[in-house]
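Participant: Right, I'll just put the structure down here and ask away after.
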Amino acid sequence: MLSKVISAVYFLLCVTSFVFTSAQDPYLTKALQLMSETPLIDGHNDLPWQLRKLNNNQLNQVDLNTINSTHTSIPKIKEGRLGAQFWSAYVPCTTQYKDAVRQTIEQIDVVHRMCQKYPETFMFATSSQDIMEAFRLNKTASLIGVEGGHSIDSSLGTLRMMYQLGVRYLTLTHSCNTPWADNWRVDTGTDPSEHDGLSPFGKQVVLEMNRLGMLVDLAHVTEKVMNQALDISKAPVIFSHSSAYSVCPHKRNVPDDILRRVKTKVNRIGIVMVNFYNDYVTCSPFANLSNVADHFDHIKTVGGAGILGFGGDYDGVTRVPVGLEDVSKVPHLVAELLRRGWTDEEVKAALGENLLRVLREVEEVRDSLNATSPDDVPIPYDEVQNSCRTNYGYPDPPESGGAVHVLFYPSVVQTEAHEITLLHKNNSKEKITL
């Protein structure tokens with residue numbers, strides 16, 4: 001109860017401060033007006049990962065009304081006029097081939113519990129309609145994006161179940177290759193290319209995401225993967241937290257030729273949601289709000305205001321620009337765009353209308369594929385074989401010719417009611433009575 005009182009007092013002080021500040025700055029006054037008419041939709045926030053790091057997801061030990069150690073809190077959300085947020089269900093690449101699926105499910109769970117614990121602030125959302133309903137109720141629509149294809153463990157079944165749990169985008173890679181897609185570090189020469197972009201199974205993943213109605217997120221992938229996904233996706237793609245390569249030539253950013261493709265994909269125009277991480281803004285440890293606005297200006301020049309969005313990456317980065325220290329500061333960035341001559345329509349498009357359009361179009365593609373059966377063809381076992389993976393369901397190795405799937409020994413090759421047969425490495429068989 002006390003925390004709610006503190007939050008209310010803090011919010012009142014913030015509003016008072018905004019009234020005083022905006023009285024001095026007509027651009028901020030206009031920004032706040034536009035944000036009251038169109039929801040600010042942010043593509044990427046890592047608060048759930050901070051909750052794991054700080055308290056091992058023990059949400060009962062954290063009060064989001066009073067927490068001060070993160071870029072994100074309920075008072076900051078209210079001051080920043082955050083209409084909708086894709087919360088990142090992120091787990092590190094070190095979980096790949098180990099417990100990535102379990103840990104990702106736990107991150108999905110913590111987003112659900114955030115919404116349950118703070119129903120006056122958050123409304124769980126999975127659709128464009130949900131976002132607008134939350135905005136009408138003056139709540140922050142809370143969607144989930146899974147950051148990194150390693151989280152599905154090369155399983156279309158896992159992908160489908162995550163969709164059922166509310167996941168609405170998957171970033172195809174994080175900063176590591178998966179068994180079916182190359183990550184951005186390949187373009188730097190740090191990691192080797194393993195698939196020349198997407199493997200055949202990687203293309204299955206993209207098409208199954210189209211069928212489900214899940215956004216294909218191309219932040220963190222190679223330029224080759226960007227082009228391949230744009231070629232094959234039936235729905236618009238997104239970059240949930242990437243900036244402009246021409247402004248800061250970092251391989252996590254989006255080159256101009258890709259910006260133009262995002263704009264010109266027939267009837268399927270995507271979105272690039274600008275990242276605030278200093279290293280992607282100025283390619284240095286230091287940046288300010290004006291530098292971020294430069295990325296908005298450049299992307300608008302190359303691809304038009306219709307492909308722009310906000311993807312701050314708060315609580316997922318160690319350095320943020322001066323003037324954008326936390327989620328409460330975003331209205332000042334909106335004011336800067338207005339100061340630079342952006343029209344009301346352009347600002348509202350970037351705030352949320354573009355993402356709403358993309359999400360609606362993804363939903364339309366999903367509905368058009370309603371009669372299409374789920375893809376149940378698994379990834380070839382030899383592409384995912386590792387010491388933590390069993391081979392149940394895959395065919396036994398042939399005695400001669402054909403593709404050989406690696407087995408771990410001893411392996412069960414036959415079972416009876418009270419007896420199993422083990423195959424040893426020397427090809428001998430051993431019957432064991434149960």
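The way I read the labels, and the way they are meant: chains A, B, ... in the order of the structure tokens, residue 1 as the first residue of every chain, and ligand 1 as the first ligand shown, with later ones counted on from there.
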Write out as a PyMOL selection string which residues come within 12 Å of Gly145 (chain A) when counting only C-alpha atoms, dropping same-chain ones fewer than 5 positions away.
Facilitator: chain A and resi 42-46+48+85-91+104-105+107-108+111+125-126+151+159+162-163+165-172+214-217+219+238-241
Participant: Which of region 234-360 of chain A end up as strand (DSSP E or B) when DSSP is run on this backbone - answer as a VMD selection string?
Facilitator: chain A and resid 237 to 239 244 254 271 to 274 288 308 to 310 314 322
Participant: Give the answer as one residue: which of A:Ala100, A:Val262, A:Val205, A:Cys93 has the shortest atom-to-atom distance to Met226 (chain A), using only C-alpha atoms?
Facilitator: A:Val262
Participant: Between CA of Arg185 (chain A) and CA of Tyr97 (chain A), measure the distance and give it in Å to one decimal.
Facilitator: 19.3 Å
Participant: List as a ChimeraX atom specification the protein and nucleic acid residues near Arg340 (chain A), meaning an atom at most 12 Å away when only C-alpha atoms are counted, but skip any in the same chain fewer than 5 places from it.
Facilitator: /A:27,290,293-294,296-297,333-335,346-347
Participant: Between CA of His295 (chain A) and CA of Thr282 (chain A), what is the spacing in Å?
Facilitator: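 It comes out at 9.7 Å.
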Participant: Which is closest to Asn60 (chain A) among A:Pro249, A:Gln116, A:Val384, A:Glu133, if we use only C-alpha atoms?
Facilitator: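 Selected residue with least distance to Asn60 (chain A): A:Gln116.
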